[in-house]
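Dumped final-v3.txt below, it's compact mmCIF, C-alpha atoms:
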```txt
# COMPACT_ATOMS: atom_id res chain seq x y z
CA MET A 1 -4.36 -6.31 -20.56
CA GLU A 2 -7.62 -8.13 -21.23
CA ARG A 3 -8.48 -9.34 -17.73
CA LEU A 4 -7.99 -5.85 -16.33
CA LYS A 5 -10.31 -4.39 -18.97
CA GLN A 6 -12.95 -7.02 -18.21
CA LYS A 7 -12.67 -6.20 -14.50
CA ILE A 8 -13.13 -2.49 -15.27
CA ILE A 9 -16.19 -3.24 -17.43
CA ASN A 10 -17.72 -5.59 -14.86
CA GLU A 11 -16.92 -3.73 -11.63
CA GLY A 12 -15.97 -0.15 -12.47
CA LYS A 13 -18.45 2.58 -11.59
CA VAL A 14 -18.64 5.58 -13.89
CA LEU A 15 -19.45 8.50 -11.59
CA SER A 16 -19.17 11.21 -14.25
CA ASP A 17 -17.63 11.81 -17.66
CA SER A 18 -14.23 12.01 -15.95
CA VAL A 19 -14.46 9.87 -12.79
CA LEU A 20 -14.13 6.08 -12.84
CA LYS A 21 -14.30 4.34 -9.48
CA VAL A 22 -12.58 0.94 -9.19
CA ASP A 23 -12.83 0.47 -5.44
CA SER A 24 -13.62 -3.24 -5.72
CA PHE A 25 -10.19 -4.33 -6.98
CA LEU A 26 -7.65 -1.47 -6.92
CA ASN A 27 -8.40 1.61 -4.82
CA HIS A 28 -9.97 0.20 -1.66
CA GLN A 29 -10.51 -3.53 -1.94
CA ILE A 30 -7.59 -5.11 -3.80
CA ASP A 31 -7.66 -8.23 -5.97
CA PRO A 32 -4.22 -9.71 -5.23
CA VAL A 33 -4.29 -12.18 -8.14
CA LEU A 34 -5.02 -9.36 -10.59
CA MET A 35 -2.27 -7.29 -8.97
CA GLN A 36 0.14 -10.19 -9.45
CA GLU A 37 -0.77 -10.25 -13.15
CA VAL A 38 -0.36 -6.47 -13.33
CA GLY A 39 3.10 -6.81 -11.79
CA GLU A 40 4.06 -9.52 -14.26
CA GLU A 41 2.90 -7.36 -17.17
CA PHE A 42 4.86 -4.29 -16.05
CA ALA A 43 7.94 -6.42 -15.37
CA SER A 44 7.64 -7.91 -18.84
CA ARG A 45 7.25 -4.55 -20.59
CA PHE A 46 10.28 -3.04 -18.80
CA GLN A 47 12.39 -6.18 -18.53
CA ASP A 48 15.26 -4.86 -20.69
CA GLU A 49 15.67 -1.62 -18.75
CA ARG A 50 17.89 -2.94 -15.93
CA ILE A 51 15.57 -1.41 -13.35
CA THR A 52 16.94 -1.21 -9.80
CA LYS A 53 14.02 0.48 -8.00
CA VAL A 54 10.26 0.79 -8.42
CA LEU A 55 8.83 4.09 -7.16
CA THR A 56 5.18 4.76 -6.41
CA LEU A 57 2.90 6.99 -4.34
CA GLU A 58 0.84 5.88 -1.34
CA SER A 59 -1.68 4.29 -1.08
CA SER A 60 -3.22 2.80 -4.22
CA GLY A 61 0.10 2.51 -6.06
CA ILE A 62 1.57 0.18 -3.44
CA ALA A 63 -0.07 -3.12 -4.44
CA PRO A 64 0.84 -2.97 -8.16
CA SER A 65 4.33 -1.69 -7.28
CA VAL A 66 5.10 -4.44 -4.79
CA MET A 67 4.03 -7.07 -7.32
CA THR A 68 6.12 -5.44 -10.07
CA ALA A 69 9.14 -5.16 -7.79
CA LEU A 70 8.76 -8.79 -6.73
CA ARG A 71 8.84 -9.90 -10.34
CA LEU A 72 11.79 -7.63 -11.20
CA GLY A 73 13.68 -8.72 -8.08
CA VAL A 74 14.21 -5.17 -6.79
CA PRO A 75 12.89 -3.07 -3.88
CA THR A 76 10.00 -0.64 -4.18
CA ILE A 77 9.64 2.74 -2.45
CA PHE A 78 6.38 4.51 -1.80
CA ALA A 79 6.42 8.30 -1.64
CA ARG A 80 4.49 9.74 1.27
CA LYS A 81 1.86 12.42 0.95
CA ARG A 82 2.84 14.14 4.15
CA LYS A 83 5.86 14.14 6.36
CA SER A 84 5.92 11.73 9.26
CA LEU A 85 7.64 12.37 12.55
CA THR A 86 10.29 9.75 11.84
CA LEU A 87 10.99 11.01 8.31
CA ILE A 88 11.55 14.74 8.53
CA ASP A 89 14.64 15.77 6.63
CA HIS A 90 17.02 14.29 4.07
CA LEU A 91 14.18 14.20 1.54
CA TYR A 92 13.40 14.72 -2.09
CA SER A 93 10.00 16.34 -2.38
CA ALA A 94 7.56 17.67 -4.97
CA GLU A 95 4.21 19.42 -5.00
CA VAL A 96 1.31 17.45 -6.46
CA TYR A 97 -2.08 19.01 -7.18
CA SER A 98 -5.03 16.63 -7.18
CA TYR A 99 -7.87 17.75 -9.44
CA THR A 100 -10.12 15.09 -7.90
CA LYS A 101 -9.53 16.25 -4.33
CA GLN A 102 -8.87 19.89 -5.26
CA GLU A 103 -5.90 20.12 -2.97
CA SER A 104 -2.14 20.21 -3.15
CA ASN A 105 0.07 17.70 -1.33
CA THR A 106 3.77 17.64 -0.75
CA ILE A 107 5.02 14.18 -1.65
CA SER A 108 8.43 13.04 -0.50
CA ILE A 109 10.92 10.20 -0.42
CA SER A 110 14.03 9.67 1.64
CA LYS A 111 17.34 10.34 -0.12
CA ASP A 112 18.51 7.04 1.34
CA TYR A 113 16.63 4.88 -1.14
CA ILE A 114 17.16 6.42 -4.56
CA THR A 115 20.61 7.54 -5.69
CA HIS A 116 22.17 8.60 -8.98
CA ASP A 117 23.17 4.99 -9.69
CA ASP A 118 19.55 3.81 -9.76
CA VAL A 119 17.35 3.06 -12.75
CA VAL A 120 13.82 3.81 -11.61
CA LEU A 121 10.44 2.60 -12.86
CA VAL A 122 7.57 4.82 -11.72
CA ILE A 123 4.27 2.98 -11.16
CA ASP A 124 0.88 4.46 -10.38
CA ASP A 125 -2.70 3.26 -10.29
CA PHE A 126 -4.23 6.02 -12.45
CA LEU A 127 -2.96 8.52 -15.01
CA ALA A 128 -5.26 11.48 -15.62
CA ASN A 129 -3.67 14.94 -15.60
CA GLY A 130 -0.30 13.43 -14.79
CA GLN A 131 0.34 15.48 -11.69
CA ALA A 132 1.26 12.57 -9.43
CA ALA A 133 3.49 10.93 -12.06
CA LEU A 134 5.22 14.25 -12.81
CA GLY A 135 5.86 14.73 -9.09
CA LEU A 136 7.43 11.28 -8.85
CA ILE A 137 9.48 11.99 -12.00
CA ASP A 138 10.62 15.28 -10.48
CA MET A 139 11.99 13.45 -7.44
CA VAL A 140 13.79 10.91 -9.65
CA LYS A 141 15.43 13.85 -11.47
CA GLN A 142 16.45 15.42 -8.16
CA SER A 143 18.19 12.18 -7.21
CA GLY A 144 20.17 12.07 -10.45
CA ALA A 145 18.85 8.55 -11.13
CA THR A 146 17.80 7.35 -14.58
CA LEU A 147 14.06 7.11 -15.25
CA ALA A 148 13.21 3.95 -17.20
CA GLY A 149 9.61 5.00 -17.73
CA VAL A 150 6.17 5.16 -16.18
CA GLY A 151 3.82 2.20 -15.73
CA ILE A 152 0.14 2.99 -15.25
CA VAL A 153 -2.63 0.53 -14.38
CA ILE A 154 -5.51 2.63 -15.79
CA GLU A 155 -4.96 5.65 -18.02
CA LYS A 156 -7.67 8.17 -18.79
CA GLY A 157 -6.66 8.68 -22.38
CA PHE A 158 -8.94 11.70 -22.76
CA GLN A 159 -6.89 13.70 -20.26
CA ASN A 160 -3.43 15.10 -20.88
CA GLY A 161 -1.19 13.17 -18.48
CA ARG A 162 0.47 11.02 -21.15
CA LYS A 163 1.19 14.03 -23.33
CA LEU A 164 2.91 15.88 -20.47
CA ILE A 165 5.11 12.89 -19.59
CA GLU A 166 5.99 12.09 -23.20
CA GLN A 167 6.86 15.75 -23.78
CA GLU A 168 9.58 15.27 -21.20
CA GLY A 169 10.89 12.37 -23.26
CA PHE A 170 9.71 9.49 -21.08
CA ARG A 171 7.99 6.25 -21.99
CA VAL A 172 4.48 5.57 -20.66
CA GLU A 173 3.05 2.03 -20.52
CA SER A 174 -0.61 1.76 -19.51
CA LEU A 175 -2.34 -1.58 -19.03
CA ALA A 176 -5.79 -0.19 -19.86
CA ILE A 177 -6.45 3.09 -21.67
CA VAL A 178 -9.95 4.47 -21.23
CA SER A 179 -10.83 6.68 -24.18
CA SER A 180 -14.23 7.81 -22.89
CA LEU A 181 -16.55 7.63 -19.89
CA GLU A 182 -19.38 9.39 -21.65
CA ASN A 183 -22.99 8.29 -21.10
CA GLY A 184 -21.92 6.20 -18.12
CA LYS A 185 -20.06 3.77 -20.39
CA VAL A 186 -16.40 2.78 -20.32
CA THR A 187 -14.82 2.77 -23.79
CA PHE A 188 -11.23 1.60 -24.23
CA LYS A 189 -8.70 2.76 -26.75
CA GLU A 190 -8.00 -0.07 -29.19
CA ASP A 191 -4.60 -1.78 -28.62
CA MET N 1 10.29 -15.51 11.68
CA GLU N 2 14.07 -15.63 11.56
CA ARG N 3 14.73 -13.69 8.35
CA LEU N 4 12.53 -10.85 9.52
CA LYS N 5 14.40 -10.68 12.84
CA GLN N 6 17.75 -10.63 11.02
CA LYS N 7 16.47 -7.82 8.80
CA ILE N 8 15.41 -5.83 11.88
CA ILE N 9 18.81 -6.38 13.51
CA ASN N 10 20.73 -5.46 10.36
CA GLU N 11 18.65 -2.54 9.09
CA GLY N 12 16.36 -1.31 11.87
CA LYS N 13 17.21 2.01 13.47
CA VAL N 14 16.48 2.45 17.17
CA LEU N 15 15.51 6.10 17.54
CA SER N 16 14.54 5.88 21.21
CA ASP N 17 13.52 3.33 23.84
CA SER N 18 10.16 3.08 22.10
CA VAL N 19 10.73 3.95 18.43
CA LEU N 20 12.10 1.45 15.91
CA LYS N 21 12.42 2.67 12.34
CA VAL N 22 12.32 0.04 9.59
CA ASP N 23 12.08 2.31 6.58
CA SER N 24 14.45 0.20 4.48
CA PHE N 25 12.13 -2.79 4.08
CA LEU N 26 8.63 -2.11 5.47
CA ASN N 27 7.58 1.50 6.09
CA HIS N 28 9.00 3.38 3.12
CA GLN N 29 11.16 1.16 0.96
CA ILE N 30 9.60 -2.31 0.78
CA ASP N 31 11.42 -5.62 0.32
CA PRO N 32 8.91 -7.55 -1.81
CA VAL N 33 10.56 -10.94 -1.28
CA LEU N 34 10.41 -10.50 2.49
CA MET N 35 6.78 -9.37 2.19
CA GLN N 36 6.02 -12.52 0.20
CA GLU N 37 7.50 -14.60 3.03
CA VAL N 38 5.53 -12.58 5.57
CA GLY N 39 2.36 -13.28 3.60
CA GLU N 40 3.12 -16.99 3.45
CA GLU N 41 3.73 -17.07 7.19
CA PHE N 42 0.45 -15.31 8.05
CA ALA N 43 -1.45 -17.53 5.61
CA SER N 44 0.08 -20.60 7.22
CA ARG N 45 -0.73 -19.50 10.77
CA PHE N 46 -4.36 -18.73 9.93
CA GLN N 47 -4.92 -21.42 7.28
CA ASP N 48 -7.63 -23.27 9.23
CA GLU N 49 -9.76 -20.18 9.85
CA ARG N 50 -11.64 -20.12 6.52
CA ILE N 51 -10.73 -16.46 6.04
CA THR N 52 -12.66 -14.60 3.34
CA LYS N 53 -11.15 -11.10 3.66
CA VAL N 54 -7.88 -9.55 4.84
CA LEU N 55 -8.30 -6.06 6.35
CA THR N 56 -5.50 -3.56 6.91
CA LEU N 57 -4.83 0.16 7.26
CA GLU N 58 -3.07 2.35 4.69
CA SER N 59 -0.20 2.65 3.92
CA SER N 60 2.36 0.35 5.52
CA GLY N 61 -0.11 -2.49 6.05
CA ILE N 62 -0.85 -2.85 2.36
CA ALA N 63 2.22 -4.80 1.21
CA PRO N 64 2.01 -7.55 3.86
CA SER N 65 -1.77 -7.73 3.45
CA VAL N 66 -1.69 -8.11 -0.32
CA MET N 67 0.84 -10.92 -0.02
CA THR N 68 -1.21 -12.63 2.70
CA ALA N 69 -4.40 -12.28 0.68
CA LEU N 70 -2.68 -13.63 -2.43
CA ARG N 71 -1.62 -16.73 -0.52
CA LEU N 72 -5.05 -17.20 1.07
CA GLY N 73 -6.80 -16.64 -2.27
CA VAL N 74 -9.05 -13.85 -0.97
CA PRO N 75 -9.32 -10.07 -1.48
CA THR N 76 -7.79 -7.51 0.86
CA ILE N 77 -9.25 -4.15 1.87
CA PHE N 78 -7.28 -1.20 3.15
CA ALA N 79 -9.00 1.21 5.51
CA ARG N 80 -8.45 4.85 4.67
CA LYS N 81 -7.25 7.42 7.15
CA ARG N 82 -9.48 10.17 5.83
CA LYS N 83 -12.52 10.33 3.69
CA SER N 84 -12.03 10.72 -0.02
CA LEU N 85 -14.39 12.54 -2.34
CA THR N 86 -15.46 9.34 -4.04
CA LEU N 87 -16.05 7.46 -0.78
CA ILE N 88 -18.18 9.63 1.44
CA ASP N 89 -21.03 7.63 2.94
CA HIS N 90 -21.99 3.99 3.39
CA LEU N 91 -18.99 3.54 5.68
CA TYR N 92 -17.87 1.78 8.82
CA SER N 93 -15.53 4.08 10.70
CA ALA N 94 -13.50 4.26 13.89
CA GLU N 95 -11.31 6.78 15.67
CA VAL N 96 -7.63 5.89 15.97
CA TYR N 97 -5.20 7.84 18.12
CA SER N 98 -1.56 7.67 17.09
CA TYR N 99 0.85 8.11 20.00
CA THR N 100 3.73 8.46 17.53
CA LYS N 101 2.09 11.27 15.58
CA GLN N 102 0.07 12.61 18.53
CA GLU N 103 -3.06 12.97 16.47
CA SER N 104 -6.38 11.27 15.97
CA ASN N 105 -7.56 9.97 12.59
CA THR N 106 -10.90 8.68 11.47
CA ILE N 107 -10.33 5.43 9.63
CA SER N 108 -13.05 4.00 7.44
CA ILE N 109 -14.02 1.22 5.06
CA SER N 110 -16.90 0.89 2.65
CA LYS N 111 -19.78 -1.31 3.78
CA ASP N 112 -19.64 -2.91 0.33
CA TYR N 113 -16.59 -5.03 1.06
CA ILE N 114 -17.12 -6.57 4.51
CA THR N 115 -20.46 -8.15 5.42
CA HIS N 116 -21.71 -10.32 8.26
CA ASP N 117 -20.87 -13.45 6.24
CA ASP N 118 -17.15 -12.64 6.14
CA VAL N 119 -14.36 -14.11 8.24
CA VAL N 120 -11.78 -11.35 8.54
CA LEU N 121 -8.06 -11.44 9.26
CA VAL N 122 -6.69 -8.06 10.40
CA ILE N 123 -3.09 -7.39 9.36
CA ASP N 124 -0.88 -4.48 10.38
CA ASP N 125 2.80 -3.60 10.16
CA PHE N 126 3.32 -2.66 13.82
CA LEU N 127 1.57 -3.35 17.11
CA ALA N 128 2.39 -0.93 19.92
CA ASN N 129 -0.51 0.51 21.89
CA GLY N 130 -2.97 -1.35 19.71
CA GLN N 131 -5.00 1.67 18.68
CA ALA N 132 -4.94 0.95 14.94
CA ALA N 133 -5.71 -2.75 15.39
CA LEU N 134 -8.55 -1.96 17.81
CA GLY N 135 -9.99 0.51 15.29
CA LEU N 136 -9.90 -2.15 12.57
CA ILE N 137 -11.47 -4.69 14.97
CA ASP N 138 -14.19 -2.15 15.83
CA MET N 139 -15.13 -1.89 12.14
CA VAL N 140 -15.22 -5.69 11.78
CA LYS N 141 -17.62 -5.79 14.75
CA GLN N 142 -19.80 -3.09 13.16
CA SER N 143 -20.08 -5.24 10.03
CA GLY N 144 -21.19 -8.31 11.98
CA ALA N 145 -18.37 -10.33 10.40
CA THR N 146 -16.30 -12.87 12.33
CA LEU N 147 -12.79 -11.82 13.32
CA ALA N 148 -10.32 -14.67 12.83
CA GLY N 149 -7.49 -12.82 14.54
CA VAL N 150 -4.81 -10.20 14.14
CA GLY N 151 -1.51 -10.69 12.30
CA ILE N 152 1.30 -8.26 13.10
CA VAL N 153 4.65 -7.99 11.36
CA ILE N 154 6.53 -6.37 14.27
CA GLU N 155 5.13 -6.22 17.78
CA LYS N 156 6.54 -4.00 20.49
CA GLY N 157 6.06 -6.50 23.29
CA PHE N 158 6.82 -3.89 25.94
CA GLN N 159 3.69 -1.92 25.07
CA ASN N 160 0.16 -2.99 25.83
CA GLY N 161 -1.42 -3.56 22.40
CA ARG N 162 -1.46 -7.36 22.63
CA LYS N 163 -3.03 -7.26 26.08
CA LEU N 164 -5.85 -5.00 24.90
CA ILE N 165 -6.65 -7.22 21.90
CA GLU N 166 -6.43 -10.47 23.85
CA GLN N 167 -8.71 -9.00 26.54
CA GLU N 168 -11.35 -8.77 23.83
CA GLY N 169 -10.85 -12.49 23.21
CA PHE N 170 -8.96 -12.30 19.93
CA ARG N 171 -5.85 -14.14 18.77
CA VAL N 172 -2.70 -12.14 17.97
CA GLU N 173 0.08 -13.60 15.81
CA SER N 174 3.25 -11.51 15.54
CA LEU N 175 6.15 -12.48 13.31
CA ALA N 176 8.73 -10.66 15.44
CA ILE N 177 8.21 -9.54 19.04
CA VAL N 178 10.61 -6.87 20.25
CA SER N 179 10.95 -7.08 24.02
CA SER N 180 13.21 -4.05 24.41
CA LEU N 181 14.81 -1.17 22.51
CA GLU N 182 16.86 0.00 25.49
CA ASN N 183 20.41 1.27 24.99
CA GLY N 184 19.85 1.46 21.25
CA LYS N 185 19.68 -2.32 21.00
CA VAL N 186 16.87 -4.50 19.63
CA THR N 187 16.10 -7.46 21.88
CA PHE N 188 13.54 -10.06 20.78
CA LYS N 189 11.24 -12.12 22.95
CA GLU N 190 12.29 -15.76 22.73
CA ASP N 191 9.97 -17.95 20.61
```

Show me this structure written as structure tokens.
Amino acid sequence: MERLKQKIINEGKVLSDSVLKVDSFLNHQIDPVLMQEVGEEFASRFQDERITKVLTLESSGIAPSVMTALRLGVPTIFARKRKSLTLIDHLYSAEVYSYTKQESNTISISKDYITHDDVVLVIDDFLANGQAALGLIDMVKQSGATLAGVGIVIEKGFQNGRKLIEQEGFRVESLAIVSSLENGKVTFKED
Amino acid sequence: MERLKQKIINEGKVLSDSVLKVDSFLNHQIDPVLMQEVGEEFASRFQDERITKVLTLESSGIAPSVMTALRLGVPTIFARKRKSLTLIDHLYSAEVYSYTKQESNTISISKDYITHDDVVLVIDDFLANGQAALGLIDMVKQSGATLAGVGIVIEKGFQNGRKLIEQEGFRVESLAIVSSLENGKVTFKED
């Protein structure tokens, strides 16, 4: 997705060989027009999958997911990273380790919103080691629903997230695949 | 906003005289079409304010804010509830006490995305005691930006959040004002 790549080049900050910060349009400030285009692109790539629900993880996954769900004409659900007082049982949950934050979170969704009849598209902002996506996939499996695939806004192609998801037999669609962050420079995998 | 009120009546769960759960369309599962309408309504109500930024708080504020920002043609920023490793200084921050969760959080935004030239619309999903909105307003004040007002999806009119914000001289626009949750029944304030 060319406009996304341009935005990454122009506004992304390379903090190390593995950390790309895109706080100006995705992870803190959000560009809603770009998110609309992201949603249209995901909807287009998965349009034949008869998706009934879009599943993501709070907080940075919400904007692209809502836009994708709007375009697909289905609801979206965001998994929570901790249990709230009004959402305490009747849950699917999974453990997700964040290498960036060096901590483990329990993520969870209510059993009310994904059932075995659903066809679920998982959306997330970043794919690196795949831990968040695998946690979301785990909850889809627990529900008995069908997983249509995983849509990622920015994939770090030099980490092993894609491999782990594809090993489980699932499709991964990334809108920008970064092949290297070396020497402070963003290089994309060729389409 | 009539469709929002109907959605609250049909799907909201009254857990006590003060707790209304709307996890099926706003706080966990999200109805993207309703959020689009919410965004259009906020944009319409604040259209003469020359807004340059929409500010909200993760996670449930993000969907209505992105849709509002899309309609206004401006970016949105979501305040974080805790500091992340890639966002550690150069922050505006405020303390927010949650009566629901009985805990205090530090919320923060980067100084990069709101400056004294901005005209900011604060959006949140719920208004009860006003603590989250007042924390967001506090950060707008720190930045020197102009606050155009506060847009709330669901206001609990029987709590004092509106009073506290209006006492500071700011406009509050709520799309549904619940006047009572007594006897397990949602009653709205008349328009």

Identify, on the basis of all atoms listed in the file, every residue whose closest approach to range 115-117 of chain N does not exceed 7 Å; exclude the query and any residue fewer than 3 positions from it along the same chain; express the result as a list in words.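 Close residues of range 115-117 of chain N: Ser143, Gly144 and Ala145 of chain N.
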
Just want the 6 Å neighbourhood of Met1 in chain N, counted on only C-alpha atoms, with same-chain residues fewer than 2 positions away dropped. Output as number ranges by chain. N: 3-4, 175

What does the distance between CA of Phe46 in chain N and CA of Leu121 in chain N come to in Å, to one decimal place?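 Value for the CA of Phe46 in chain N-CA of Leu121 in chain N distance: 8.2 Å.
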
Proximity of chain N to chain A: per-residue shortest pair, 10 Å limit, all atoms listed in the file, as JSON lines:
```
{"residue": "N:Leu15", "atom": "CA", "partner": "A:Thr86", "partner_atom": "CA", "distance": 8.5}
{"residue": "N:Val19", "atom": "CA", "partner": "A:Thr86", "partner_atom": "CA", "distance": 8.8}
{"residue": "N:Leu20", "atom": "CA", "partner": "A:Thr86", "partner_atom": "CA", "distance": 9.4}
{"residue": "N:Lys21", "atom": "CA", "partner": "A:Thr86", "partner_atom": "CA", "distance": 7.4}
{"residue": "N:Asp23", "atom": "CA", "partner": "A:Leu87", "partner_atom": "CA", "distance": 8.9}
{"residue": "N:Ser24", "atom": "CA", "partner": "A:Tyr113", "partner_atom": "CA", "distance": 7.6}
{"residue": "N:Phe25", "atom": "CA", "partner": "A:Pro75", "partner_atom": "CA", "distance": 8.0}
{"residue": "N:Leu26", "atom": "CA", "partner": "A:Ile77", "partner_atom": "CA", "distance": 9.3}
{"residue": "N:Asn27", "atom": "CA", "partner": "A:Phe78", "partner_atom": "CA", "distance": 8.5}
{"residue": "N:His28", "atom": "CA", "partner": "A:Ile77", "partner_atom": "CA", "distance": 5.6}
{"residue": "N:Gln29", "atom": "CA", "partner": "A:Ile77", "partner_atom": "CA", "distance": 4.1}
{"residue": "N:Ile30", "atom": "CA", "partner": "A:Thr76", "partner_atom": "CA", "distance": 5.2}
{"residue": "N:Asp31", "atom": "CA", "partner": "A:Pro75", "partner_atom": "CA", "distance": 5.1}
{"residue": "N:Pro32", "atom": "CA", "partner": "A:Leu70", "partner_atom": "CA", "distance": 5.1}
{"residue": "N:Val33", "atom": "CA", "partner": "A:Leu70", "partner_atom": "CA", "distance": 6.1}
{"residue": "N:Leu34", "atom": "CA", "partner": "A:Leu70", "partner_atom": "CA", "distance": 9.5}
{"residue": "N:Met35", "atom": "CA", "partner": "A:Val66", "partner_atom": "CA", "distance": 8.7}
{"residue": "N:Gln36", "atom": "CA", "partner": "A:Leu70", "partner_atom": "CA", "distance": 8.3}
{"residue": "N:Lys53", "atom": "CA", "partner": "A:Gln29", "partner_atom": "CA", "distance": 9.4}
{"residue": "N:Val54", "atom": "CA", "partner": "A:Gln29", "partner_atom": "CA", "distance": 9.4}
{"residue": "N:Leu55", "atom": "CA", "partner": "A:Gln29", "partner_atom": "CA", "distance": 8.9}
{"residue": "N:Leu57", "atom": "CA", "partner": "A:Ser59", "partner_atom": "CA", "distance": 9.8}
{"residue": "N:Glu58", "atom": "CA", "partner": "A:Ser59", "partner_atom": "CA", "distance": 6.2}
{"residue": "N:Ser59", "atom": "CA", "partner": "A:Ser59", "partner_atom": "CA", "distance": 5.5}
{"residue": "N:Ser60", "atom": "CA", "partner": "A:Ser59", "partner_atom": "CA", "distance": 8.7}
{"residue": "N:Gly61", "atom": "CA", "partner": "A:Ser59", "partner_atom": "CA", "distance": 10.0}
{"residue": "N:Ile62", "atom": "CA", "partner": "A:Ala63", "partner_atom": "CA", "distance": 6.8}
{"residue": "N:Ala63", "atom": "CA", "partner": "A:Ala63", "partner_atom": "CA", "distance": 6.3}
{"residue": "N:Pro64", "atom": "CA", "partner": "A:Ala63", "partner_atom": "CA", "distance": 9.6}
{"residue": "N:Ser65", "atom": "CA", "partner": "A:Pro32", "partner_atom": "CA", "distance": 9.2}
{"residue": "N:Val66", "atom": "CA", "partner": "A:Pro32", "partner_atom": "CA", "distance": 5.8}
{"residue": "N:Met67", "atom": "CA", "partner": "A:Pro32", "partner_atom": "CA", "distance": 7.4}
{"residue": "N:Thr68", "atom": "CA", "partner": "A:Pro32", "partner_atom": "CA", "distance": 9.0}
{"residue": "N:Ala69", "atom": "CA", "partner": "A:Pro32", "partner_atom": "CA", "distance": 6.4}
{"residue": "N:Leu70", "atom": "CA", "partner": "A:Pro32", "partner_atom": "CA", "distance": 5.1}
{"residue": "N:Arg71", "atom": "CA", "partner": "A:Pro32", "partner_atom": "CA", "distance": 8.8}
{"residue": "N:Leu72", "atom": "CA", "partner": "A:Pro32", "partner_atom": "CA", "distance": 9.8}
{"residue": "N:Gly73", "atom": "CA", "partner": "A:Val33", "partner_atom": "CA", "distance": 7.8}
{"residue": "N:Val74", "atom": "CA", "partner": "A:Asp31", "partner_atom": "CA", "distance": 7.6}
{"residue": "N:Pro75", "atom": "CA", "partner": "A:Asp31", "partner_atom": "CA", "distance": 5.1}
{"residue": "N:Thr76", "atom": "CA", "partner": "A:Ile30", "partner_atom": "CA", "distance": 5.2}
{"residue": "N:Ile77", "atom": "CA", "partner": "A:Gln29", "partner_atom": "CA", "distance": 4.1}
{"residue": "N:Phe78", "atom": "CA", "partner": "A:His28", "partner_atom": "CA", "distance": 5.7}
{"residue": "N:Ala79", "atom": "CA", "partner": "A:His28", "partner_atom": "CA", "distance": 7.3}
{"residue": "N:Arg80", "atom": "CA", "partner": "A:His28", "partner_atom": "CA", "distance": 8.0}
{"residue": "N:Ser84", "atom": "CA", "partner": "A:Lys101", "partner_atom": "CA", "distance": 7.4}
{"residue": "N:Leu85", "atom": "CA", "partner": "A:Lys101", "partner_atom": "CA", "distance": 6.4}
{"residue": "N:Thr86", "atom": "CA", "partner": "A:Lys21", "partner_atom": "CA", "distance": 7.5}
{"residue": "N:Leu87", "atom": "CA", "partner": "A:Asp23", "partner_atom": "CA", "distance": 9.0}
{"residue": "N:Thr100", "atom": "CA", "partner": "A:Leu85", "partner_atom": "CA", "distance": 7.4}
{"residue": "N:Lys101", "atom": "CA", "partner": "A:Leu85", "partner_atom": "CA", "distance": 6.4}
{"residue": "N:Gln102", "atom": "CA", "partner": "A:Leu85", "partner_atom": "CA", "distance": 9.7}
{"residue": "N:Ile109", "atom": "CA", "partner": "A:His28", "partner_atom": "CA", "distance": 7.9}
{"residue": "N:Ser110", "atom": "CA", "partner": "A:His28", "partner_atom": "CA", "distance": 8.2}
{"residue": "N:Asp112", "atom": "CA", "partner": "A:Ser24", "partner_atom": "CA", "distance": 8.5}
{"residue": "N:Tyr113", "atom": "CA", "partner": "A:Gln29", "partner_atom": "CA", "distance": 6.9}
{"residue": "N:Ile114", "atom": "CA", "partner": "A:Gln29", "partner_atom": "CA", "distance": 9.7}
```

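Of the listed residues (N:Met139, N:Ala148, N:Leu134, N:Val14), N:Met139 comes nearest to Leu91 in chain N; the distances count only C-alpha atoms.
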
What gap, in Å, lies between CA of Val22 in chain N and CA of Lys7 in chain N?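 Going from CA of Val22 in chain N over to CA of Lys7 in chain N covers 8.9 Å.
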
Measuring atom to atom with all atoms listed in the file, identify which of N:Ala128, N:Ile107, N:Ile154, N:Val119 is nearest to Val140 in chain N.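 Once distances to Val140 in chain N are computed over all atoms listed in the file, the minimum belongs to N:Val119.
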
Using all atoms listed in the file, determine which residues lie at most 12 Å from Glu103 in chain A, disregarding the query and same-chain residues fewer than 3 positions distant; provide the list as a ChimeraX atom specification. /A:81,95-100,106,131 /N:84-85
